[in-house]
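**Q** Structure file work26.txt (compact mmCIF, C-alpha atoms) is given on the next line.
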```
# COMPACT_ATOMS: atom_id res chain seq x y z
CA MET K 1 0.46 -19.65 -26.05
CA LEU K 2 0.86 -17.79 -22.80
CA LEU K 3 -0.78 -14.38 -22.97
CA ALA K 4 0.18 -11.73 -20.47
CA VAL K 5 -2.50 -9.10 -20.23
CA CYS K 6 -3.33 -6.90 -17.30
CA TYR K 7 -5.06 -3.66 -16.49
CA THR K 8 -3.35 -0.54 -15.27
CA ARG K 9 -5.09 0.81 -12.24
CA LYS K 10 -5.03 4.42 -13.39
CA ASN K 11 -7.11 4.09 -16.53
CA MET K 12 -8.08 0.39 -16.69
CA LYS K 13 -6.56 0.03 -20.15
CA ARG K 14 -5.22 -3.35 -21.10
CA VAL K 15 -1.44 -3.57 -21.09
CA LYS K 16 -0.01 -6.26 -23.32
CA LEU K 17 3.43 -7.71 -23.41
CA PRO K 18 4.93 -7.40 -26.90
CA LEU K 19 4.22 -10.51 -28.99
CA TRP K 20 7.88 -11.48 -29.33
CA LEU K 21 8.24 -11.37 -25.53
CA GLN K 22 5.03 -13.38 -25.03
CA HIS K 23 6.41 -16.05 -27.32
CA PHE K 24 9.77 -16.00 -25.55
CA VAL K 25 8.13 -16.46 -22.14
CA ALA K 26 5.90 -19.23 -23.46
CA VAL K 27 8.94 -21.09 -24.80
CA MET K 28 11.43 -20.28 -22.04
CA GLY K 29 9.17 -20.43 -18.97
CA GLY K 30 11.28 -19.34 -16.01
CA GLY K 31 13.99 -17.88 -18.24
CA GLY K 32 11.39 -15.70 -19.93
CA ILE K 33 10.06 -14.55 -16.57
CA CYS K 34 13.63 -13.71 -15.54
CA LEU K 35 14.10 -11.59 -18.69
CA VAL K 36 10.81 -9.72 -18.23
CA ALA K 37 11.62 -9.08 -14.55
CA PHE K 38 15.08 -7.79 -15.53
CA LEU K 39 13.65 -5.43 -18.13
CA ASP K 40 10.88 -4.28 -15.79
CA SER K 41 13.35 -3.58 -12.98
CA SER K 42 15.85 -1.76 -15.17
CA VAL K 43 15.24 0.04 -18.45
CA LEU K 44 11.59 -0.61 -19.24
CA SER K 45 8.43 -0.68 -17.23
CA PHE K 46 5.88 -3.47 -17.56
CA PRO K 47 3.40 -2.72 -14.77
CA PHE K 48 1.84 -5.91 -13.40
CA ILE K 49 3.33 -8.09 -16.17
CA THR K 50 5.99 -9.95 -14.13
CA ASP K 51 3.39 -10.65 -11.46
CA ALA K 52 0.88 -11.87 -14.05
CA LEU K 53 3.48 -14.13 -15.65
CA VAL K 54 4.48 -15.66 -12.32
CA MET K 55 0.85 -16.30 -11.43
CA ARG K 56 -0.03 -17.73 -14.85
CA GLN K 57 2.96 -20.07 -14.92
CA CYS K 58 2.29 -21.20 -11.33
CA MET K 59 -1.33 -21.96 -12.19
CA GLU K 60 -0.20 -24.07 -15.14
CA ARG K 61 2.61 -25.84 -13.25
CA PRO K 62 1.90 -25.70 -9.48
CA ALA K 63 4.92 -27.81 -8.57
CA ARG K 64 7.22 -25.09 -9.94
CA VAL K 65 6.05 -22.20 -7.75
CA LEU K 66 9.45 -21.80 -6.08
CA TYR K 67 11.26 -21.99 -9.43
CA TYR K 68 9.12 -19.29 -11.07
CA ALA K 69 9.34 -17.08 -7.97
CA ALA K 70 13.12 -17.54 -7.89
CA MET K 71 13.47 -16.66 -11.58
CA ALA K 72 11.35 -13.52 -11.18
CA THR K 73 13.38 -12.56 -8.11
CA LEU K 74 16.68 -13.16 -9.93
CA GLY K 75 15.61 -11.05 -12.91
CA SER K 76 14.43 -8.27 -10.62
CA LEU K 77 17.68 -8.42 -8.65
CA LEU K 78 19.84 -8.17 -11.78
CA GLY K 79 17.84 -5.25 -13.17
CA CYS K 80 17.85 -3.44 -9.84
CA ILE K 81 21.60 -3.93 -9.34
CA TRP K 82 22.16 -2.21 -12.67
CA ILE K 83 20.02 0.78 -11.61
CA TYR K 84 21.67 0.75 -8.15
CA TRP K 85 25.17 0.98 -9.66
CA LEU K 86 24.15 3.80 -12.01
CA ALA K 87 22.65 5.73 -9.10
CA LYS K 88 25.65 5.01 -6.90
CA LYS K 89 28.08 6.35 -9.50
CA GLY K 90 26.17 9.41 -10.70
CA GLY K 91 23.47 10.07 -8.17
CA GLU K 92 25.48 11.64 -5.38
CA ALA K 93 26.47 14.65 -7.50
CA TYR K 94 22.87 15.17 -8.64
CA PHE K 95 21.63 14.81 -5.06
CA HIS K 96 23.93 17.53 -3.77
CA ARG K 97 22.94 19.93 -6.57
CA HIS K 98 19.16 19.40 -6.59
CA GLY K 99 18.21 17.56 -3.39
CA GLY K 100 16.83 20.16 -1.04
CA ARG K 101 15.50 19.55 2.46
CA ALA K 102 13.14 16.71 1.51
CA ALA K 103 16.04 14.78 0.02
CA LEU K 104 18.08 15.29 3.19
CA LYS K 105 15.19 13.89 5.22
CA ALA K 106 14.95 10.91 2.86
CA LYS K 107 18.70 10.38 3.12
CA ARG K 108 18.53 10.30 6.91
CA TRP K 109 15.70 7.76 6.80
CA VAL K 110 17.55 5.53 4.32
CA ASP K 111 20.74 5.83 6.39
CA ASP K 112 18.85 4.76 9.53
CA HIS K 113 16.65 2.09 7.88
CA ALA K 114 18.54 0.91 4.79
CA PHE K 115 17.10 -2.61 4.81
CA LEU K 116 13.48 -1.61 5.42
CA SER K 117 13.58 1.24 2.89
CA LEU K 118 13.88 -1.38 0.13
CA PHE K 119 12.36 -4.49 1.71
CA ILE K 120 8.92 -2.94 2.26
CA PRO K 121 8.54 -1.50 -1.28
CA ALA K 122 9.86 -4.79 -2.72
CA ILE K 123 6.93 -6.67 -1.18
CA LEU K 124 4.26 -4.22 -2.26
CA PRO K 125 2.53 -4.99 -5.56
CA PRO K 126 2.11 -2.58 -8.44
CA PRO K 127 1.35 0.26 -8.83
CA MET K 128 3.79 0.94 -5.96
CA GLN K 129 6.67 2.97 -7.39
CA PHE K 130 9.70 0.81 -6.75
CA LYS K 131 12.56 2.19 -8.85
CA VAL K 132 12.71 5.39 -6.80
CA PHE K 133 13.63 3.30 -3.75
CA VAL K 134 16.27 1.40 -5.73
CA LEU K 135 17.71 4.72 -6.89
CA ALA K 136 17.73 6.08 -3.34
CA GLU K 137 19.63 3.03 -2.09
CA GLY K 138 22.32 3.64 -4.72
CA VAL K 139 22.47 7.41 -4.33
CA PHE K 140 22.75 7.15 -0.54
CA GLN K 141 25.49 4.50 -0.79
CA VAL K 142 23.66 1.66 0.99
CA PRO K 143 26.02 -1.34 1.15
CA LEU K 144 25.47 -3.79 -1.71
CA ARG K 145 25.01 -6.69 0.74
CA THR K 146 22.13 -4.90 2.50
CA PHE K 147 20.63 -3.93 -0.85
CA VAL K 148 20.77 -7.49 -2.23
CA LEU K 149 19.43 -9.07 0.97
CA ALA K 150 16.48 -6.65 1.20
CA LEU K 151 15.64 -7.07 -2.47
CA VAL K 152 15.90 -10.88 -2.57
CA LEU K 153 13.85 -11.33 0.60
CA GLY K 154 11.22 -8.75 -0.37
CA ARG K 155 10.75 -9.88 -3.97
CA GLY K 156 11.06 -13.54 -2.98
CA VAL K 157 8.25 -13.23 -0.43
CA ARG K 158 6.10 -11.35 -2.93
CA TYR K 159 6.53 -13.75 -5.85
CA VAL K 160 6.18 -16.90 -3.72
CA ALA K 161 2.99 -15.51 -2.16
CA GLU K 162 1.59 -14.59 -5.58
CA GLY K 163 2.42 -18.04 -6.91
CA LEU K 164 0.80 -19.80 -3.98
CA PHE K 165 -2.30 -17.61 -4.20
CA ALA K 166 -2.49 -18.30 -7.94
CA VAL K 167 -2.35 -22.05 -7.35
CA LYS K 168 -4.99 -21.92 -4.61
CA TYR K 169 -7.38 -19.32 -6.07
CA GLY K 170 -6.39 -19.04 -9.73
CA GLN K 171 -9.25 -21.00 -11.25
CA GLN K 172 -11.82 -19.09 -9.17
CA ALA K 173 -10.23 -15.78 -10.21
CA ARG K 174 -10.22 -16.82 -13.86
CA SER K 175 -13.92 -17.72 -13.68
CA GLU K 176 -14.73 -14.39 -12.07
CA GLU K 177 -12.68 -12.54 -14.69
CA ARG K 178 -14.65 -14.24 -17.48
CA ARG K 179 -17.94 -13.36 -15.79
CA VAL K 180 -16.98 -9.71 -15.35
CA GLY K 181 -15.67 -9.58 -18.92
CA LYS K 182 -19.01 -10.84 -20.25
CA GLU K 183 -20.87 -8.24 -18.21
CA CYS K 184 -18.63 -5.46 -19.52
CA ARG K 185 -19.07 -6.55 -23.12
CA SER K 186 -22.86 -6.74 -22.78
CA ARG K 187 -23.10 -3.08 -21.71
```
Turn the structure described in the file into structure tokens.
**A**
Amino acid sequence: MLLAVCYTRKNMKRVKLPLWLQHFVAVMGGGGICLVAFLDSSVLSFPFITDALVMRQCMERPARVLYYAAMATLGSLLGCIWIYWLAKKGGEAYFHRHGGRAALKAKRWVDDHAFLSLFIPAILPPPMQFKVFVLAEGVFQVPLRTFVLALVLGRGVRYVAEGLFAVKYGQQARSEERRVGKECRSR
């Protein structure tokens, strides 16, 4: 069975995907990755998990790198669109009440660089805070077309790159992980 485990950078604790979700991903493959990416990009937060799933699946089935990257991108897009719409509908009122000068500066930057303000964070791996940029795009009324294009290109580049790196270096990384794990346990 596919096991998705990763370490959070802050405290190096293991983060595990719930067992029912691990089983779902193992059975559904790309569909499971899409679901995890949707949940991670919307209501829940699974730091590193979507990335780990994409890399693991790509290592097991190298010919499907583009498929797994596309499914992760689709799930992320769907989850982010949900957050975007919520922010677009309710965020403007909150912004005007509580924004302050820093928020006005952020609004100007997003207005001037709408594509880049989401594309760059979409490429960056965890622990980069991403949802705040999605919220800003909705609150500041960035056109949906710009939002979707920036997100699909950014996440697509990220997940394809992770998949390709996993195929090329995955076995070496797995060997190194085992070695480090043995050293940690022997202490």
**Q** Can you list, as a list in words, every protein, DNA or RNA residue that comes within 9 Å of segment 112-120 of chain K when you count all atoms listed in the file, leaving out same-chain residues fewer than 4 positions away?
**A**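 Result of the neighbour search: Lys107, Arg108, Leu124, Phe130, Phe133, Val134, Ala136, Glu137, Val142, Pro143, Thr146, Phe147, Leu149, Ala150, Leu151, Val152, Leu153, Gly154 and Arg155 of chain K.
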**Q** Take the residues that were just selected and, keeping C-alpha atoms, output them as a short mmCIF file (atom, residue, chain, number, x, y, z; two decimals), in the frame of the given file.
**A**
```
data_model
loop_
_atom_site.label_atom_id
_atom_site.label_comp_id
_atom_site.auth_asym_id
_atom_site.auth_seq_id
_atom_site.Cartn_x
_atom_site.Cartn_y
_atom_site.Cartn_z
CA LYS K 107 18.70 10.38 3.12
CA ARG K 108 18.53 10.30 6.91
CA LEU K 124 4.26 -4.22 -2.26
CA PHE K 130 9.70 0.81 -6.75
CA PHE K 133 13.63 3.30 -3.75
CA VAL K 134 16.27 1.40 -5.73
CA ALA K 136 17.73 6.08 -3.34
CA GLU K 137 19.63 3.03 -2.09
CA VAL K 142 23.66 1.66 0.99
CA PRO K 143 26.02 -1.34 1.15
CA THR K 146 22.13 -4.90 2.50
CA PHE K 147 20.63 -3.93 -0.85
CA LEU K 149 19.43 -9.07 0.97
CA ALA K 150 16.48 -6.65 1.20
CA LEU K 151 15.64 -7.07 -2.47
CA VAL K 152 15.90 -10.88 -2.57
CA LEU K 153 13.85 -11.33 0.60
CA GLY K 154 11.22 -8.75 -0.37
CA ARG K 155 10.75 -9.88 -3.97
#
```
**Q** Calculated over all atoms listed in the file, which of the candidates K:Phe140, K:Ala87, K:Leu77, K:Cys58 has the smallest distance to Ala161 of chain K?
**A**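 The answer is K:Cys58, which sits nearest to Ala161 of chain K.
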**Q** How many Å separate atom CA of Gln141 of chain K from atom CA of Gly156 of chain K?
**A** 23.2 Å
**Q** Here is a test: counting only C-alpha atoms, which residue of K:Tyr169, K:Phe38, K:Tyr159, K:Tyr94 is nearest to Gly75 of chain K?
**A**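 Of all the options, K:Phe38 lies closest to Gly75 of chain K.
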**Q** Just give me the gap between atom CA of Pro125 of chain K and atom CA of Arg56 of chain K in Å, one decimal is fine.
**A**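 Between atom CA of Pro125 of chain K and atom CA of Arg56 of chain K the gap is 16.0 Å.
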**Q** One decimal, Å: what's the distance from atom CA of Gly163 of chain K over to atom CA of Ser42 of chain K, could you say?
**A**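 Distance between the two atoms: 22.7 Å.
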**Q** Could you give me segment 134-149 of chain K completed to N, CA and C atoms, formatted as a PDB file, keeping the file's coordinate frame?
**A**
```pdb
ATOM      1  N   VAL K 134      15.011   1.983  -5.246  1.00  0.00           N
ATOM      2  CA  VAL K 134      16.270   1.400  -5.730  1.00  0.00           C
ATOM      3  C   VAL K 134      17.281   2.516  -5.981  1.00  0.00           C
ATOM      4  N   LEU K 135      16.835   3.581  -6.638  1.00  0.00           N
ATOM      5  CA  LEU K 135      17.710   4.720  -6.890  1.00  0.00           C
ATOM      6  C   LEU K 135      18.220   5.338  -5.592  1.00  0.00           C
ATOM      7  N   ALA K 136      17.334   5.490  -4.620  1.00  0.00           N
ATOM      8  CA  ALA K 136      17.730   6.080  -3.340  1.00  0.00           C
ATOM      9  C   ALA K 136      18.790   5.226  -2.649  1.00  0.00           C
ATOM     10  N   GLU K 137      18.649   3.917  -2.718  1.00  0.00           N
ATOM     11  CA  GLU K 137      19.630   3.030  -2.090  1.00  0.00           C
ATOM     12  C   GLU K 137      21.013   3.238  -2.727  1.00  0.00           C
ATOM     13  N   GLY K 138      21.044   3.406  -4.051  1.00  0.00           N
ATOM     14  CA  GLY K 138      22.320   3.640  -4.720  1.00  0.00           C
ATOM     15  C   GLY K 138      22.878   5.022  -4.429  1.00  0.00           C
ATOM     16  N   VAL K 139      22.032   6.021  -4.558  1.00  0.00           N
ATOM     17  CA  VAL K 139      22.470   7.410  -4.330  1.00  0.00           C
ATOM     18  C   VAL K 139      23.009   7.573  -2.915  1.00  0.00           C
ATOM     19  N   PHE K 140      22.356   6.967  -1.941  1.00  0.00           N
ATOM     20  CA  PHE K 140      22.750   7.150  -0.540  1.00  0.00           C
ATOM     21  C   PHE K 140      23.761   6.112  -0.077  1.00  0.00           C
ATOM     22  N   GLN K 141      24.358   5.387  -1.041  1.00  0.00           N
ATOM     23  CA  GLN K 141      25.490   4.500  -0.790  1.00  0.00           C
ATOM     24  C   GLN K 141      25.187   3.379   0.229  1.00  0.00           C
ATOM     25  N   VAL K 142      23.992   2.810   0.147  1.00  0.00           N
ATOM     26  CA  VAL K 142      23.660   1.660   0.990  1.00  0.00           C
ATOM     27  C   VAL K 142      24.580   0.516   0.570  1.00  0.00           C
ATOM     28  N   PRO K 143      25.136  -0.224   1.518  1.00  0.00           N
ATOM     29  CA  PRO K 143      26.020  -1.340   1.150  1.00  0.00           C
ATOM     30  C   PRO K 143      25.308  -2.349   0.247  1.00  0.00           C
ATOM     31  N   LEU K 144      26.048  -2.852  -0.743  1.00  0.00           N
ATOM     32  CA  LEU K 144      25.470  -3.790  -1.710  1.00  0.00           C
ATOM     33  C   LEU K 144      24.876  -5.012  -1.008  1.00  0.00           C
ATOM     34  N   ARG K 145      25.517  -5.512   0.024  1.00  0.00           N
ATOM     35  CA  ARG K 145      25.010  -6.690   0.740  1.00  0.00           C
ATOM     36  C   ARG K 145      23.625  -6.423   1.321  1.00  0.00           C
ATOM     37  N   THR K 146      23.435  -5.276   1.934  1.00  0.00           N
ATOM     38  CA  THR K 146      22.130  -4.900   2.500  1.00  0.00           C
ATOM     39  C   THR K 146      21.105  -4.760   1.387  1.00  0.00           C
ATOM     40  N   PHE K 147      21.508  -4.121   0.303  1.00  0.00           N
ATOM     41  CA  PHE K 147      20.630  -3.930  -0.850  1.00  0.00           C
ATOM     42  C   PHE K 147      20.160  -5.278  -1.401  1.00  0.00           C
ATOM     43  N   VAL K 148      21.094  -6.184  -1.649  1.00  0.00           N
ATOM     44  CA  VAL K 148      20.770  -7.490  -2.230  1.00  0.00           C
ATOM     45  C   VAL K 148      19.885  -8.289  -1.276  1.00  0.00           C
ATOM     46  N   LEU K 149      20.217  -8.310   0.000  1.00  0.00           N
ATOM     47  CA  LEU K 149      19.430  -9.070   0.970  1.00  0.00           C
ATOM     48  C   LEU K 149      17.991  -8.547   1.046  1.00  0.00           C
TER      49      LEU K 149
END
```
